[in-house]
$ cat protein-v5.pdb   # PDB, C-alpha atoms
MODEL        1
ATOM      1  CA  MET A   1      65.484-179.748  39.548
ATOM      2  CA  GLU A   2      67.947-182.238  38.114
ATOM      3  CA  LYS A   3      65.850-185.133  39.392
ATOM      4  CA  ALA A   4      62.708-183.697  37.848
ATOM      5  CA  SER A   5      64.341-182.967  34.503
ATOM      6  CA  LYS A   6      65.732-186.500  34.325
ATOM      7  CA  LYS A   7      62.260-187.908  34.821
ATOM      8  CA  LEU A   8      60.866-185.596  32.155
ATOM      9  CA  ASP A   9      63.631-186.483  29.718
ATOM     10  CA  ILE A  10      62.242-189.969  29.159
ATOM     11  CA  ASN A  11      58.894-188.535  28.168
ATOM     12  CA  ASP A  12      60.531-185.778  26.150
ATOM     13  CA  GLN A  13      62.384-188.294  24.027
ATOM     14  CA  ALA A  14      59.235-190.356  23.481
ATOM     15  CA  LEU A  15      57.412-187.209  22.340
ATOM     16  CA  ILE A  16      60.298-186.195  20.087
ATOM     17  CA  ASP A  17      60.229-189.600  18.403
ATOM     18  CA  LYS A  18      56.505-189.199  17.735
ATOM     19  CA  ILE A  19      56.990-185.656  16.432
ATOM     20  CA  ASN A  20      59.708-186.830  14.066
ATOM     21  CA  ALA A  21      57.268-189.467  12.836
ATOM     22  CA  GLY A  22      54.844-186.651  11.925
ATOM     23  CA  ASP A  23      52.625-186.506  15.031
ATOM     24  CA  PHE A  24      51.725-182.825  15.497
ATOM     25  CA  GLN A  25      49.721-183.511  18.675
ATOM     26  CA  ALA A  26      52.907-184.793  20.276
ATOM     27  CA  PHE A  27      54.534-181.461  19.421
ATOM     28  CA  GLU A  28      51.646-179.618  21.056
ATOM     29  CA  ALA A  29      52.101-181.764  24.151
ATOM     30  CA  LEU A  30      55.792-180.848  24.219
ATOM     31  CA  VAL A  31      54.912-177.163  23.831
ATOM     32  CA  ASN A  32      52.385-177.422  26.667
ATOM     33  CA  ARG A  33      55.073-178.867  28.873
ATOM     34  CA  TYR A  34      57.554-176.038  28.417
ATOM     35  CA  GLU A  35      55.643-172.954  27.217
ATOM     36  CA  GLY A  36      55.229-171.513  30.731
ATOM     37  CA  LYS A  37      58.933-171.757  31.512
ATOM     38  CA  VAL A  38      60.000-170.316  28.183
ATOM     39  CA  TYR A  39      57.523-167.444  28.486
ATOM     40  CA  ARG A  40      58.757-166.670  31.981
ATOM     41  CA  LEU A  41      62.351-166.670  30.776
ATOM     42  CA  ALA A  42      61.389-164.356  27.906
ATOM     43  CA  THR A  43      59.481-161.921  30.127
ATOM     44  CA  ARG A  44      62.437-161.755  32.524
ATOM     45  CA  MET A  45      64.871-161.240  29.668
ATOM     46  CA  LEU A  46      62.797-158.803  27.605
ATOM     47  CA  ARG A  47      60.323-157.301  30.092
ATOM     48  CA  ASN A  48      58.083-156.112  27.272
ATOM     49  CA  GLN A  49      55.180-158.602  27.085
ATOM     50  CA  GLN A  50      54.720-158.362  23.333
ATOM     51  CA  ASP A  51      58.420-159.032  22.737
ATOM     52  CA  ALA A  52      58.238-161.956  25.158
ATOM     53  CA  GLU A  53      55.284-163.440  23.309
ATOM     54  CA  ASP A  54      57.102-163.010  19.980
ATOM     55  CA  ALA A  55      60.164-164.731  21.452
ATOM     56  CA  LEU A  56      57.977-167.561  22.738
ATOM     57  CA  GLN A  57      56.475-168.161  19.298
ATOM     58  CA  GLU A  58      59.815-167.863  17.521
ATOM     59  CA  THR A  59      61.473-170.289  19.935
ATOM     60  CA  PHE A  60      58.916-173.060  19.463
ATOM     61  CA  LEU A  61      58.910-172.588  15.707
ATOM     62  CA  GLN A  62      62.700-173.045  15.781
ATOM     63  CA  VAL A  63      62.200-176.126  17.959
ATOM     64  CA  TYR A  64      59.820-177.637  15.429
ATOM     65  CA  ARG A  65      62.121-176.870  12.529
ATOM     66  CA  GLY A  66      65.225-178.055  14.355
ATOM     67  CA  LEU A  67      63.977-181.220  16.064
ATOM     68  CA  ASN A  68      65.268-183.393  13.231
ATOM     69  CA  SER A  69      68.775-182.183  13.944
ATOM     70  CA  PHE A  70      68.457-182.502  17.747
ATOM     71  CA  GLU A  71      70.837-185.336  18.451
ATOM     72  CA  GLY A  72      70.155-185.772  22.145
ATOM     73  CA  ARG A  73      73.715-184.967  23.187
ATOM     74  CA  SER A  74      72.280-182.628  25.789
ATOM     75  CA  ASN A  75      68.895-182.710  27.540
ATOM     76  CA  PHE A  76      66.052-181.474  25.406
ATOM     77  CA  SER A  77      65.340-178.780  27.996
ATOM     78  CA  THR A  78      68.943-177.522  27.803
ATOM     79  CA  TRP A  79      68.703-177.353  24.016
ATOM     80  CA  LEU A  80      65.316-175.612  24.238
ATOM     81  CA  PHE A  81      66.534-173.007  26.718
ATOM     82  CA  ARG A  82      69.634-172.386  24.628
ATOM     83  CA  LEU A  83      67.382-171.606  21.660
ATOM     84  CA  ALA A  84      65.086-169.449  23.800
ATOM     85  CA  THR A  85      67.953-167.503  25.367
ATOM     86  CA  ASN A  86      69.514-166.880  21.975
ATOM     87  CA  VAL A  87      66.203-165.649  20.566
ATOM     88  CA  CYS A  88      65.924-163.216  23.496
ATOM     89  CA  LEU A  89      69.526-162.027  23.207
ATOM     90  CA  MET A  90      69.021-161.448  19.480
ATOM     91  CA  LYS A  91      65.925-159.363  20.147
ATOM     92  CA  ILE A  92      67.820-157.308  22.701
ATOM     93  CA  ARG A  93      70.662-156.713  20.227
ATOM     94  CA  HIS A  94      68.180-155.554  17.619
ATOM     95  CA  ARG A  95      66.747-153.030  20.039
ATOM     96  CA  GLY A  96      70.135-151.395  20.347
ATOM     97  CA  THR A  97      69.195-149.642  23.573
ATOM     98  CA  GLU A  98      70.627-152.020  26.136
ATOM     99  CA  PRO A  99      73.347-151.068  28.574
ATOM    100  CA  ALA A 100      76.666-151.827  26.937
ATOM    101  CA  GLY A 101      79.338-154.043  28.444
ATOM    102  CA  MET A 102      79.905-154.156  32.152
ATOM    103  CA  LEU A 103      79.884-150.459  32.931
ATOM    104  CA  PRO A 104      76.396-150.076  34.425
ATOM    105  CA  LEU A 105      77.070-152.811  36.964
ATOM    106  CA  GLU A 106      79.850-150.860  38.611
ATOM    107  CA  ASP A 107      77.446-148.184  39.812
ATOM    108  CA  TYR A 108      75.727-150.713  42.022
ATOM    109  CA  LEU A 109      78.598-152.751  43.368
ATOM    110  CA  PRO A 110      79.689-151.960  46.914
ATOM    111  CA  ARG A 111      83.232-150.733  47.350
ATOM    112  CA  HIS A 112      85.341-151.424  50.367
ATOM    113  CA  GLU A 113      88.365-149.191  50.181
ATOM    114  CA  ASN A 114      91.034-148.628  52.815
ATOM    115  CA  GLY A 115      88.939-149.795  55.711
ATOM    116  CA  GLU A 116      85.855-147.892  54.621
ATOM    117  CA  HIS A 117      82.615-149.638  55.360
ATOM    118  CA  PRO A 118      79.449-149.326  53.364
ATOM    119  CA  VAL A 119      76.417-147.880  55.109
ATOM    120  CA  ILE A 120      73.931-150.721  54.984
ATOM    121  CA  GLN A 121      70.361-150.404  56.141
ATOM    122  CA  GLU A 122      68.471-153.374  57.431
ATOM    123  CA  TRP A 123      65.954-154.654  54.890
ATOM    124  CA  PRO A 124      62.341-155.494  55.744
ATOM    125  CA  GLU A 125      62.063-158.786  57.628
ATOM    126  CA  LYS A 126      59.759-160.279  55.002
ATOM    127  CA  PRO A 127      60.547-158.464  51.760
ATOM    128  CA  GLU A 128      58.298-160.869  49.831
ATOM    129  CA  GLU A 129      55.303-159.097  51.387
ATOM    130  CA  ILE A 130      56.413-156.006  49.510
ATOM    131  CA  LEU A 131      55.916-157.916  46.272
ATOM    132  CA  LEU A 132      52.193-157.593  46.772
ATOM    133  CA  SER A 133      52.548-154.074  45.476
ATOM    134  CA  LYS A 134      52.678-153.551  41.738
ATOM    135  CA  GLU A 135      55.233-150.802  42.209
ATOM    136  CA  SER A 136      57.687-153.210  43.843
ATOM    137  CA  ARG A 137      57.374-155.719  41.047
ATOM    138  CA  GLU A 138      57.966-152.964  38.532
ATOM    139  CA  LYS A 139      61.086-151.860  40.399
ATOM    140  CA  MET A 140      62.417-155.398  40.344
ATOM    141  CA  MET A 141      61.811-155.815  36.631
ATOM    142  CA  GLU A 142      63.433-152.423  36.031
ATOM    143  CA  ALA A 143      66.464-153.575  37.994
ATOM    144  CA  LEU A 144      66.691-156.792  36.004
ATOM    145  CA  GLU A 145      66.466-154.834  32.787
ATOM    146  CA  LYS A 146      69.423-152.690  33.807
ATOM    147  CA  LEU A 147      71.717-155.707  33.902
ATOM    148  CA  PRO A 148      73.741-156.338  30.745
ATOM    149  CA  PRO A 149      71.930-159.137  28.856
ATOM    150  CA  GLU A 150      74.648-161.774  29.374
ATOM    151  CA  TYR A 151      74.478-161.209  33.135
ATOM    152  CA  ARG A 152      70.692-161.129  33.114
ATOM    153  CA  ALA A 153      70.579-164.480  31.308
ATOM    154  CA  VAL A 154      72.803-166.121  33.925
ATOM    155  CA  PHE A 155      70.781-164.686  36.803
ATOM    156  CA  VAL A 156      67.436-165.718  35.283
ATOM    157  CA  LEU A 157      68.567-169.280  34.564
ATOM    158  CA  ARG A 158      70.340-169.833  37.884
ATOM    159  CA  ASP A 159      68.340-167.920  40.446
ATOM    160  CA  ILE A 160      64.886-167.744  38.900
ATOM    161  CA  GLU A 161      64.658-170.971  36.894
ATOM    162  CA  GLY A 162      66.794-172.997  39.309
ATOM    163  CA  PHE A 163      69.387-174.306  36.832
ATOM    164  CA  SER A 164      72.649-175.636  38.255
ATOM    165  CA  ASN A 165      75.908-173.892  37.352
ATOM    166  CA  SER A 166      76.739-176.549  34.780
ATOM    167  CA  GLU A 167      73.242-176.525  33.247
ATOM    168  CA  ALA A 168      73.374-172.730  32.928
ATOM    169  CA  GLY A 169      76.877-172.956  31.454
ATOM    170  CA  GLU A 170      75.797-175.565  28.927
ATOM    171  CA  THR A 171      72.728-173.551  27.998
ATOM    172  CA  LEU A 172      74.688-170.357  27.456
ATOM    173  CA  GLY A 173      77.825-171.953  26.029
ATOM    174  CA  ILE A 174      80.095-170.585  28.770
ATOM    175  CA  SER A 175      82.247-172.175  31.473
ATOM    176  CA  VAL A 176      81.039-172.860  35.012
ATOM    177  CA  ALA A 177      83.618-170.320  36.243
ATOM    178  CA  ALA A 178      82.080-167.684  33.962
ATOM    179  CA  VAL A 179      78.581-168.579  35.212
ATOM    180  CA  LYS A 180      79.678-168.159  38.822
ATOM    181  CA  SER A 181      81.451-164.896  38.175
ATOM    182  CA  ARG A 182      78.556-163.351  36.218
ATOM    183  CA  LEU A 183      76.012-164.610  38.721
ATOM    184  CA  HIS A 184      77.875-163.050  41.615
ATOM    185  CA  ARG A 185      78.177-159.668  39.925
ATOM    186  CA  ALA A 186      74.549-159.778  38.800
ATOM    187  CA  ARG A 187      73.356-160.524  42.340
ATOM    188  CA  LEU A 188      75.471-157.727  43.818
ATOM    189  CA  ALA A 189      74.223-155.246  41.248
ATOM    190  CA  LEU A 190      70.569-156.229  41.760
ATOM    191  CA  ARG A 191      70.996-155.968  45.515
ATOM    192  CA  GLY A 192      72.399-152.476  45.041
ATOM    193  CA  MET A 193      69.496-151.425  42.868
ATOM    194  CA  LEU A 194      66.871-152.848  45.221
ATOM    195  CA  ALA A 195      68.645-151.284  48.188
ATOM    196  CA  GLU A 196      67.962-147.887  46.646
ATOM    197  CA  TYR A 197      64.291-148.801  46.614
ATOM    198  CA  PHE A 198      63.973-150.471  50.028
ATOM    199  CA  GLU A 199      65.989-147.799  51.710
ATOM    200  CA  LYS A 200      64.113-144.985  50.010
ATOM    201  CA  GLY A 201      63.087-142.406  52.522
ATOM    202  CA  LYS A 202      65.835-143.386  54.899
ATOM    203  CA  GLY A 203      68.248-141.245  52.931
ATOM    204  CA  ALA A 204      70.627-144.019  52.056
ATOM    205  CA  GLY A 205      71.393-145.700  48.790
ATOM    206  CA  PRO A 206      74.509-147.805  48.355
ATOM    207  CA  THR A 207      76.689-145.035  49.744
ATOM    208  CA  PHE A 208      79.854-145.420  51.729
ATOM    209  CA  VAL A 209      81.405-143.538  54.591
ATOM    210  CA  GLU A 210      84.499-143.914  56.708
ATOM    211  CA  ASN A 211      84.080-145.402  60.146
TER     212      ASN A 211
ATOM    213  CA  MET B 212      99.864-141.091  62.228
ATOM    214  CA  THR B 213      96.641-139.163  61.629
ATOM    215  CA  GLU B 214      93.463-139.767  63.616
ATOM    216  CA  ASP B 215      91.868-140.909  60.403
ATOM    217  CA  TYR B 216      94.482-143.597  59.904
ATOM    218  CA  LYS B 217      94.093-144.768  63.513
ATOM    219  CA  ASP B 218      90.371-145.161  62.981
ATOM    220  CA  LYS B 219      90.919-147.291  59.952
ATOM    221  CA  GLU B 220      93.422-149.418  61.819
ATOM    222  CA  ALA B 221      90.918-149.920  64.634
ATOM    223  CA  GLN B 222      88.328-150.967  62.099
ATOM    224  CA  SER B 223      90.597-153.585  60.577
ATOM    225  CA  PHE B 224      91.182-155.033  64.065
ATOM    226  CA  GLU B 225      87.460-155.266  64.568
ATOM    227  CA  CYS B 226      87.197-157.415  61.466
ATOM    228  CA  GLU B 227      90.087-159.677  62.260
ATOM    229  CA  GLY B 228      90.830-162.522  59.858
ATOM    230  CA  MET B 229      89.197-161.997  56.511
ATOM    231  CA  GLU B 230      88.722-158.463  55.259
ATOM    232  CA  CYS B 231      85.332-157.175  54.178
ATOM    233  CA  LYS B 232      86.475-156.984  50.586
ATOM    234  CA  GLN B 233      87.432-160.668  50.618
ATOM    235  CA  ILE B 234      84.087-161.492  52.199
ATOM    236  CA  LEU B 235      82.284-159.688  49.424
ATOM    237  CA  GLU B 236      84.017-161.769  46.763
ATOM    238  CA  LYS B 237      82.958-165.012  48.440
ATOM    239  CA  LEU B 238      79.346-164.263  49.304
ATOM    240  CA  SER B 239      77.667-165.997  46.375
ATOM    241  CA  GLU B 240      79.686-169.159  46.905
ATOM    242  CA  TYR B 241      78.792-168.954  50.585
ATOM    243  CA  ILE B 242      75.072-168.588  49.869
ATOM    244  CA  ASP B 243      75.193-171.451  47.348
ATOM    245  CA  GLY B 244      77.029-173.741  49.778
ATOM    246  CA  GLU B 245      80.018-174.019  47.441
ATOM    247  CA  LEU B 246      82.625-172.525  49.739
ATOM    248  CA  ASP B 247      85.547-174.449  51.167
ATOM    249  CA  PRO B 248      84.611-175.351  54.798
ATOM    250  CA  GLN B 249      87.610-173.550  56.318
ATOM    251  CA  ILE B 250      86.906-170.333  54.391
ATOM    252  CA  CYS B 251      83.272-170.723  55.355
ATOM    253  CA  LYS B 252      84.279-170.846  59.023
ATOM    254  CA  ASP B 253      86.477-167.744  58.646
ATOM    255  CA  LEU B 254      83.670-165.912  56.914
ATOM    256  CA  GLU B 255      81.172-166.741  59.648
ATOM    257  CA  LYS B 256      83.661-165.686  62.292
ATOM    258  CA  HIS B 257      84.139-162.370  60.493
ATOM    259  CA  MET B 258      80.411-161.787  60.316
ATOM    260  CA  GLN B 259      79.984-162.312  64.044
ATOM    261  CA  ASP B 260      82.000-159.144  64.554
ATOM    262  CA  CYS B 261      81.125-157.171  61.445
ATOM    263  CA  HIS B 262      77.577-155.862  61.429
ATOM    264  CA  PRO B 263      77.752-154.229  57.949
ATOM    265  CA  CYS B 264      78.811-157.541  56.407
ATOM    266  CA  LEU B 265      76.028-159.344  58.250
ATOM    267  CA  LEU B 266      73.431-156.890  56.971
ATOM    268  CA  PHE B 267      74.913-157.062  53.513
ATOM    269  CA  ILE B 268      74.644-160.833  53.224
ATOM    270  CA  ASP B 269      71.128-160.717  54.621
ATOM    271  CA  SER B 270      70.086-158.225  51.935
ATOM    272  CA  LEU B 271      71.812-160.269  49.225
ATOM    273  CA  LYS B 272      69.908-163.402  50.268
ATOM    274  CA  LYS B 273      66.655-161.422  50.314
ATOM    275  CA  THR B 274      67.377-160.125  46.806
ATOM    276  CA  ILE B 275      67.608-163.681  45.497
ATOM    277  CA  THR B 276      64.457-164.730  47.376
ATOM    278  CA  LEU B 277      62.501-161.785  45.985
ATOM    279  CA  PHE B 278      63.287-162.660  42.393
ATOM    280  CA  LYS B 279      62.366-166.287  43.053
ATOM    281  CA  TYR B 280      58.967-165.154  44.303
ATOM    282  CA  THR B 281      58.327-163.286  41.070
ATOM    283  CA  ALA B 282      58.824-166.511  39.111
ATOM    284  CA  SER B 283      55.435-168.009  39.854
ATOM    285  CA  GLU B 284      53.272-166.048  37.408
ATOM    286  CA  PRO B 285      51.304-168.429  35.164
ATOM    287  CA  LEU B 286      51.273-168.204  31.375
ATOM    288  CA  PRO B 287      48.241-166.111  30.359
ATOM    289  CA  GLN B 288      45.611-168.276  28.655
ATOM    290  CA  GLU B 289      45.376-165.944  25.651
ATOM    291  CA  VAL B 290      49.151-166.164  25.106
ATOM    292  CA  HIS B 291      48.879-169.973  25.213
ATOM    293  CA  LEU B 292      46.057-169.942  22.658
ATOM    294  CA  ARG B 293      47.848-167.527  20.306
ATOM    295  CA  LEU B 294      51.031-169.630  20.511
ATOM    296  CA  HIS B 295      49.213-172.800  19.486
ATOM    297  CA  ASP B 296      47.333-171.003  16.683
ATOM    298  CA  TYR B 297      50.606-169.565  15.425
ATOM    299  CA  LEU B 298      52.380-172.926  15.485
ATOM    300  CA  ARG B 299      49.526-174.741  13.741
ATOM    301  CA  LYS B 300      49.716-172.175  10.919
ATOM    302  CA  GLU B 301      53.494-171.835  10.651
ATOM    303  CA  CYS B 302      54.404-175.494  11.047
ATOM    304  CA  LYS B 303      52.113-176.628   8.260
ATOM    305  CA  GLY B 304      54.642-175.584   5.666
ATOM    306  CA  CYS B 305      57.661-176.947   7.549
TER     307      CYS B 305
ENDMDL
END
$ encode --input "protein-v5.pdb" --output "C-alpha cells"
Amino acid sequence: MEKASKKLDINDQALIDKINAGDFQAFEALVNRYEGKVYRLATRMLRNQQDAEDALQETFLQVYRGLNSFEGRSNFSTWLFRLATNVCLMKIRHRGTEPAGMLPLEDYLPRHENGEHPVIQEWPEKPEEILLSKESREKMMEALEKLPPEYRAVFVLRDIEGFSNSEAGETLGISVAAVKSRLHRARLALRGMLAEYFEKGKGAGPTFVEN
Amino acid sequence: MTEDYKDKEAQSFECEGMECKQILEKLSEYIDGELDPQICKDLEKHMQDCHPCLLFIDSLKKTITLFKYTASEPLPQEVHLRLHDYLRKECKGC
C-alpha cells in the first residue's frame, strides 16, 4: 500500500496544483481517484447508506474548501482520510445512540481465569464462502457497528483499508501504541461477535468452562 | 488440595511456558508479524500443545480475512453521479 500511495502522491500533488489554479476538472479527477475508498470507509463507519453518502459529499466539499490550506506535510490521502474519519465520527456523535466508552467490548473478549479455558469451536474452513449470503454480511456489519467508534475507525483503516500502524495513527491523531492496542481489542471483540454467529446451532457462544 | 485445583494445575502443565492469557495479549502482534522472534517461538510452542489457543488464533485470522473480503464492493454509479452533481453546485460559490 505504501508503495502505491507514494506513486499516487506525485499525481495527487500535480492535481492539487491545478485545482489551486482554478481547474475544476482536476478536482473531479481527484474525487474520482478517492471516492470509492472514502465511500467504503463511510459505509463501514456509519452502516446506513444515506449517512455514508452524506459523509462522502461533506468530505469532498471540505477537501475543496480546505485544499488551499493543505500544506503537504502529510500525504494527501492521509489528510483526506483524516477529514473523512472526522466527518463520520461527528455524524455518529450527533446520532447519540452509539455504544459508550469501552464497556460493550468486554462482553466479547475471552477471559482466561485461573486455568480456565474458553470453549472454542472450529470455524468453517473457508468462512469467505459464507459471505455469499446476505445474512452473513449483515451480521458482520452489525458486529462492526457494535464497536465503539474510535475502535471501529482503527479496525476499518488498518484491517479493511490496509493502512500501516503509523498511517492509521497519523490519520486519527493517536500514537502507534494506541493504534495497536485498539486494533487488538477490536479484533478480539469482532471475533467474539462472529463466533456467536458461526457457532450458532452448536450451542456455544464465547462461553468458558473449567477443564 | 481439592480435585478442582489439581485439574487446574494439570492444565497449566499442559500449556508449559507462556500462559493462555499471555498468548491472548500477543495474538495481534503475532498475526501482524510484529512479535519479537523469541516470544514468537514460545507462542508457537505453546500452541502446539494448546488446542483452544490454536483454534482461537485460527478464528481471529478468519475474522480479519472476512472483513477484508467485504471491502471489495464498488461505489454505486448513482452515488458517484450524485456526488459530482453536488460538488459542481456547492463548489461554485467557494
$ residues_around --input "protein-v5.pdb" --residues "Lys272 of chain B" --least-positions-apart "2" --cutoff "12 Å" --atoms "all atoms listed in the file" --output "ChimeraX atom specification"
/A:123,125-128,159,184,187-188,190-191 /B:238-243,265-270,274-279
$ residues_around --input "protein-v5.pdb" --residues "segment 283-289 of chain B" --least-positions-apart "2" --cutoff "12 Å" --atoms "all atoms listed in the file" --output "mmCIF file with C-alpha atoms, keeping the file's coordinate frame"
data_model
loop_
_atom_site.group_PDB
_atom_site.id
_atom_site.type_symbol
_atom_site.label_atom_id
_atom_site.label_comp_id
_atom_site.auth_asym_id
_atom_site.auth_seq_id
_atom_site.Cartn_x
_atom_site.Cartn_y
_atom_site.Cartn_z
ATOM 1 C CA ASN A 32 52.385 -177.422 26.667
ATOM 2 C CA ARG A 33 55.073 -178.867 28.873
ATOM 3 C CA TYR A 34 57.554 -176.038 28.417
ATOM 4 C CA GLU A 35 55.643 -172.954 27.217
ATOM 5 C CA GLY A 36 55.229 -171.513 30.731
ATOM 6 C CA LYS A 37 58.933 -171.757 31.512
ATOM 7 C CA VAL A 38 60.000 -170.316 28.183
ATOM 8 C CA TYR A 39 57.523 -167.444 28.486
ATOM 9 C CA ARG A 40 58.757 -166.670 31.981
ATOM 10 C CA LEU A 41 62.351 -166.670 30.776
ATOM 11 C CA ALA A 42 61.389 -164.356 27.906
ATOM 12 C CA THR A 43 59.481 -161.921 30.127
ATOM 13 C CA ARG A 44 62.437 -161.755 32.524
ATOM 14 C CA GLN A 49 55.180 -158.602 27.085
ATOM 15 C CA ALA A 52 58.238 -161.956 25.158
ATOM 16 C CA GLU A 53 55.284 -163.440 23.309
ATOM 17 C CA LEU A 56 57.977 -167.561 22.738
ATOM 18 C CA LEU A 131 55.916 -157.916 46.272
ATOM 19 C CA ARG A 137 57.374 -155.719 41.047
ATOM 20 C CA ILE A 160 64.886 -167.744 38.900
ATOM 21 C CA GLU A 161 64.658 -170.971 36.894
ATOM 22 C CA LEU B 277 62.501 -161.785 45.985
ATOM 23 C CA PHE B 278 63.287 -162.660 42.393
ATOM 24 C CA LYS B 279 62.366 -166.287 43.053
ATOM 25 C CA TYR B 280 58.967 -165.154 44.303
ATOM 26 C CA THR B 281 58.327 -163.286 41.070
ATOM 27 C CA HIS B 291 48.879 -169.973 25.213
ATOM 28 C CA LEU B 292 46.057 -169.942 22.658
ATOM 29 C CA ARG B 293 47.848 -167.527 20.306
ATOM 30 C CA LEU B 294 51.031 -169.630 20.511
ATOM 31 C CA HIS B 295 49.213 -172.800 19.486
ATOM 32 C CA ASP B 296 47.333 -171.003 16.683
#
$ atom_distance --input "protein-v5.pdb" --atom1 "atom CA of Ile234 of chain B" --atom2 "atom CA of Cys264 of chain B"
7.8 Å
$ closest_residue --input "protein-v5.pdb" --among "B:Glu255, B:Gly244, B:Leu298, B:Ile250" --to "chain A" --atoms "all atoms listed in the file"
B:Leu298
$ residues_around --input "protein-v5.pdb" --residues "Phe76 of chain A" --least-positions-apart "3" --cutoff "9 Å" --atoms "all atoms listed in the file" --output "MDAnalysis selection string"
chainID A and resid 9 12:13 70 72:73 79:81
$ atom_distance --input "protein-v5.pdb" --atom1 "atom CA of Asn68 of chain A" --atom2 "atom CA of Val176 of chain A"
28.9 Å
$ atom_distance --input "protein-v5.pdb" --atom1 "atom CA of Asn165 of chain A" --atom2 "atom CA of Arg47 of chain A"
23.9 Å
$ closest_residue --input "protein-v5.pdb" --among "A:Val156, A:Ala84, A:Ile174, A:Ile19" --to "chain B" --atoms "only C-alpha atoms"
A:Val156
$ resolve_selection --input "protein-v5.pdb" --expression "the PyMOL selection byres ((chain A and resi 150) around 10)" --output "list in words"
Met45, Thr85, Leu89, Gly101, Met102, Leu147, Pro148, Pro149, Tyr151, Arg152, Ala153, Val154, Phe155, Leu172, Val179, Arg182, Leu183 and Ala186 of chain A
